[in-house]
Amino acid sequence: MTLAVCFAVILLLYVTMTALFRRGAARADRGNDGNGMPSVSVIVAARNEIRNIDACLDSLVGLEYPHESLEILVVDDESTDGTGERIAAWAARDPRIRVLSVEGTIPGLRGKANAVAQAIERAKGEIIMTTDADCTVPPGWVRETVRRYGPGTGCVCGHTLLRTDGAFSGMQALDWAYMLTIASAGVGWGFPLSAVGNNMSYRRAAYEEVGGYRGIGFSVAEDFALFKAIGYRTGWDIRYPMSLDTAVSSEPCPDIRTIYLQKKRWGKGGVKIHPLGFAIMAIGFTTSAALLILPWIGFPMFLWIIGIAVKFGADAFLLFPTLRTFKRLHLFRYFFIFELYYLIYVVLLPFIVFLTGPVTWKERRY
């Protein structure tokens, strides 16, 4: 088989995979809606978030959900910058906010997983919802997420939209849109692939069925570990709506080093992904590696340009409905810098995951 034929096969696999992603994402919100207003506990673990905590809590106190059915648990995860005091000030103004402090370490857990697990054990809600201290939520976030909990639904995840102010944040926003569209697609096809804890919810019953974080054990990507456990070890359904009402906004990484640390943490935490996930990553890696290498080994330039056009066109095809739904089509202005960024990091990520040392995140080493 010639190199050109191999390249054509790789591109065909990539285009087919992309078409399946788009179809799967459209199916990810299927299921019966629930009735009523169950009790909800929103949990935020905050560690040295003095710059972000006010905006986060301001959005949470604006949630449109019955006050008697909603509690907001904010865990001060050993902050040293005054975050705990700021949370306490908010709690003094709104009785729905409860301030918690990390009390020791649950055996087998560390870091954020330990903080969230302690909060869940003190929470009262039937539905647990989590977000991060650098996120803000829309007023209907709880209401629209809870609406997806039909009788058999155990977990509902939502999309995260990054705030943008230029090309660097814009390429990250497109990366998240791409990544979470694939996450939705996995749920749509019945193979839960990934989730992000800054916009995740689950029934307490589903959490307890898998033993909670105590039963799952430590992971540098604790949200993914819990999501995978509910998806593959229980009979609960999962929904992953592509809805503006259930989307949260978050801060992009400020620099390349932070992106590197974030991707490394996610990569190392995701090594136990479903085998289909490895197949997806293999196709993406092979496609990107081919496009980066072929021009340097005498491959015909016109065939390489066709390959670039096919790859870029497939990615735009996948992103378009997501960006349209979230009213972010203007992000296409950053599409080409995103594609360059994506080509490079997809090729480097396996080496980062398997050839580098421990993860450092939030000033902790794992």
# chains A, B, ... in the order shown; residues from 1 in each chain; ligands from 1
>>> residues_around(residues="stretch 134-140 of chain A", least_positions_apart="4", cutoff="10 Å", atoms="only C-alpha atoms", output="JSON, numbers by chain")
{"A": [44, 46, 49, 50, 51, 52, 53, 54, 55, 56, 57, 58, 59, 60, 61, 62, 63, 64, 65, 144, 145, 146, 160, 161, 162, 163, 198, 199, 244, 245, 246, 247, 248, 249, 250, 251, 252]}
>>> select_by_dssp(residues="stretch 86-126 of chain A", states="helix (DSSP H, G or I)", output="NGL selection string")
:A and (86-93 or 111-122)
>>> atom_distance(atom1="atom CA of A:Gly170", atom2="atom CA of A:Phe338")
7.9 Å
>>> closest_residue(among="A:Ser69, A:Thr83, A:Gln262, A:Thr356", to="A:Arg47", atoms="only C-alpha atoms")
A:Thr83
>>> atom_distance(atom1="atom CA of A:Ile43", atom2="atom CA of A:Asp175")
25.8 Å
>>> residues_around(residues="A:Ile216", least_positions_apart="6", cutoff="12 Å", atoms="only C-alpha atoms", output="ChimeraX atom specification")
/A:107-109,113-114,117,207-210,222-230,233
>>> write_last_selection(atoms="C-alpha atoms", output="short mmCIF file (atom, residue, chain, number, x, y, z; two decimals), in the first residue's frame")
data_model
loop_
_atom_site.label_atom_id
_atom_site.label_comp_id
_atom_site.auth_asym_id
_atom_site.auth_seq_id
_atom_site.Cartn_x
_atom_site.Cartn_y
_atom_site.Cartn_z
CA PRO A 107 -8.43 7.42 53.30
CA GLY A 108 -7.38 6.93 49.70
CA LEU A 109 -8.29 10.46 48.58
CA ALA A 113 -11.58 14.73 45.39
CA ASN A 114 -11.16 14.78 49.16
CA ALA A 117 -16.28 13.96 48.91
CA TYR A 207 -23.12 8.31 43.57
CA GLU A 208 -23.73 5.96 46.47
CA GLU A 209 -24.22 2.96 44.18
CA VAL A 210 -20.61 3.22 42.98
CA GLU A 222 -11.72 12.70 39.95
CA ASP A 223 -14.72 13.93 37.96
CA PHE A 224 -13.88 11.67 35.02
CA ALA A 225 -13.42 8.68 37.36
CA LEU A 226 -16.85 9.21 38.90
CA PHE A 227 -18.49 9.77 35.52
CA LYS A 228 -16.97 6.58 34.16
CA ALA A 229 -18.06 4.59 37.23
CA ILE A 230 -21.69 5.71 36.91
CA ARG A 233 -20.88 0.14 36.63
#
>>> atom_distance(atom1="atom CA of A:Leu100", atom2="atom CA of A:Ile72")
10.4 Å
>>> closest_residue(among="A:Gly188, A:Pro38, A:Gly152, A:Gly125", to="A:Met242", atoms="only C-alpha atoms")
A:Gly188
>>> residues_around(residues="stretch 264-269 of chain A", least_positions_apart="3", cutoff="10 Å", atoms="only C-alpha atoms", output="list in words")
Ser194, Val196, Phe218, Ser219, Val220, Ala221, Glu222, Asp223, Phe224, Ala225, Thr258, Ile259, Tyr260, Leu261, Lys272, Ile273, Leu349, Pro350, Phe351, Ile352, Val353, Phe354, Thr356, Gly357, Pro358, Val359, Thr360, Trp361 and Tyr366 of chain A
>>> residues_around(residues="A:Phe320", least_positions_apart="3", cutoff="10 Å", atoms="only C-alpha atoms", output="VMD selection string")
chain A and resid 22 177 to 178 315 to 317 323 to 325 328 to 329 332
>>> write_last_selection(atoms="C-alpha atoms", output="short mmCIF file (atom, residue, chain, number, x, y, z; two decimals), in the first residue's frame")
data_model
loop_
_atom_site.label_atom_id
_atom_site.label_comp_id
_atom_site.auth_asym_id
_atom_site.auth_seq_id
_atom_site.Cartn_x
_atom_site.Cartn_y
_atom_site.Cartn_z
CA ARG A 22 -21.81 15.21 15.11
CA ALA A 177 -16.08 23.26 22.32
CA TYR A 178 -14.50 20.49 20.23
CA ASP A 315 -13.38 19.96 12.30
CA ALA A 316 -15.40 22.98 11.18
CA PHE A 317 -18.30 20.66 10.34
CA LEU A 323 -20.96 27.16 18.24
CA ARG A 324 -24.32 28.04 16.70
CA THR A 325 -26.18 26.59 19.69
CA ARG A 328 -20.39 31.69 19.53
CA LEU A 329 -19.93 31.50 15.77
CA PHE A 332 -14.37 30.87 13.96
#
>>> residues_around(residues="A:Ala314", least_positions_apart="4", cutoff="10 Å", atoms="only C-alpha atoms", output="list in words")
Leu11, Tyr14, Val15, Thr16, Met17, Thr18, Ala19, Ile308, Ala309, Val310, Leu318 and Leu319 of chain A
>>> residues_around(residues="A:Leu276", least_positions_apart="3", cutoff="9 Å", atoms="only C-alpha atoms", output="short mmCIF file (atom, residue, chain, number, x, y, z; two decimals) with N, CA and C atoms, in the first residue's frame")
data_model
loop_
_atom_site.label_atom_id
_atom_site.label_comp_id
_atom_site.auth_asym_id
_atom_site.auth_seq_id
_atom_site.Cartn_x
_atom_site.Cartn_y
_atom_site.Cartn_z
N PHE A 191 -21.58 5.32 24.80
CA PHE A 191 -20.23 5.04 25.29
C PHE A 191 -19.69 6.28 25.99
N LEU A 193 -17.53 8.89 27.38
CA LEU A 193 -16.10 9.02 27.19
C LEU A 193 -15.44 9.93 28.21
N ILE A 273 -9.56 5.20 30.08
CA ILE A 273 -10.74 5.49 29.29
C ILE A 273 -11.24 4.23 28.59
N ALA A 279 -9.22 4.30 20.62
CA ALA A 279 -9.32 4.24 19.16
C ALA A 279 -9.49 5.65 18.59
N ILE A 280 -10.34 6.43 19.24
CA ILE A 280 -10.56 7.82 18.80
C ILE A 280 -9.26 8.61 18.88
N MET A 281 -8.55 8.47 19.99
CA MET A 281 -7.29 9.20 20.16
C MET A 281 -6.25 8.73 19.15
#
>>> select_by_dssp(residues="stretch 3-169 of chain A", states="strand (DSSP E or B)", output="PyMOL selection string")
chain A and resi 40-46+70-76+97-101+127-132+135-136+153-157+160-162
>>> write_last_selection(atoms="C-alpha atoms", output="CSV table (one decimal), in the first residue's frame")
chain,number,residue,atom,x,y,z
A,40,VAL,CA,-30.3,20.2,45.1
A,41,SER,CA,-26.9,20.6,46.6
A,42,VAL,CA,-24.5,22.7,44.6
A,43,ILE,CA,-20.9,22.1,45.6
A,44,VAL,CA,-17.9,24.3,44.9
A,45,ALA,CA,-14.4,23.4,46.0
A,46,ALA,CA,-12.3,26.6,46.2
A,70,LEU,CA,-31.4,24.6,47.1
A,71,GLU,CA,-28.2,24.7,49.2
A,72,ILE,CA,-24.8,26.0,48.1
A,73,LEU,CA,-21.9,24.3,49.8
A,74,VAL,CA,-18.6,26.0,49.3
A,75,VAL,CA,-15.5,24.1,50.5
A,76,ASP,CA,-12.5,26.2,51.5
A,97,ILE,CA,-24.6,29.3,51.3
A,98,ARG,CA,-22.9,26.9,53.7
A,99,VAL,CA,-19.1,27.3,54.3
A,100,LEU,CA,-17.2,24.1,54.8
A,101,SER,CA,-13.6,23.5,55.6
A,127,ILE,CA,-29.2,15.9,43.2
A,128,ILE,CA,-25.6,16.9,43.5
A,129,MET,CA,-24.3,19.5,41.2
A,130,THR,CA,-20.7,20.6,40.9
A,131,THR,CA,-18.9,23.6,39.5
A,132,ASP,CA,-15.6,25.4,40.0
A,135,CYS,CA,-16.9,29.5,36.8
A,136,THR,CA,-20.2,31.5,36.6
A,153,THR,CA,-31.3,9.2,34.8
A,154,GLY,CA,-28.3,9.1,37.1
A,155,CYS,CA,-26.0,11.8,35.7
A,156,VAL,CA,-26.4,15.0,33.6
A,157,CYS,CA,-23.4,16.9,32.4
A,160,THR,CA,-18.4,24.8,29.6
A,161,LEU,CA,-17.8,28.0,27.6
A,162,LEU,CA,-14.5,29.8,28.0
>>> closest_residue(among="A:Ala205, A:Ile238, A:Leu348, A:Ile306", to="A:Gly186", atoms="only C-alpha atoms")
A:Ile238
>>> closest_residue(among="A:Asn48, A:Ile120, A:Pro321, A:Gly217", to="A:Asp81", atoms="only C-alpha atoms")
A:Asn48
>>> closest_atom_pairs(of="stretch 139-227 of chain A", to="stretch 30-33 of chain A", cutoff="6 Å", atoms="only C-alpha atoms", output="tab-separated table")
residue	atom	partner	partner_atom	distance
A:Arg147	CA	A:Asp33	CA	5.7
A:Arg148	CA	A:Asp33	CA	4.9
A:Tyr149	CA	A:Asp33	CA	5.8
A:Gly150	CA	A:Asp33	CA	4.6
>>> write_last_selection(atoms="C-alpha atoms", output="PDB file, in the first residue's frame")
ATOM      1  CA  ARG A 147     -35.383  18.906  34.315  1.00  0.00           C
ATOM      2  CA  ARG A 148     -33.287  16.261  32.510  1.00  0.00           C
ATOM      3  CA  TYR A 149     -33.566  13.859  35.445  1.00  0.00           C
ATOM      4  CA  GLY A 150     -36.165  11.378  34.321  1.00  0.00           C
TER       5      GLY A 150
END
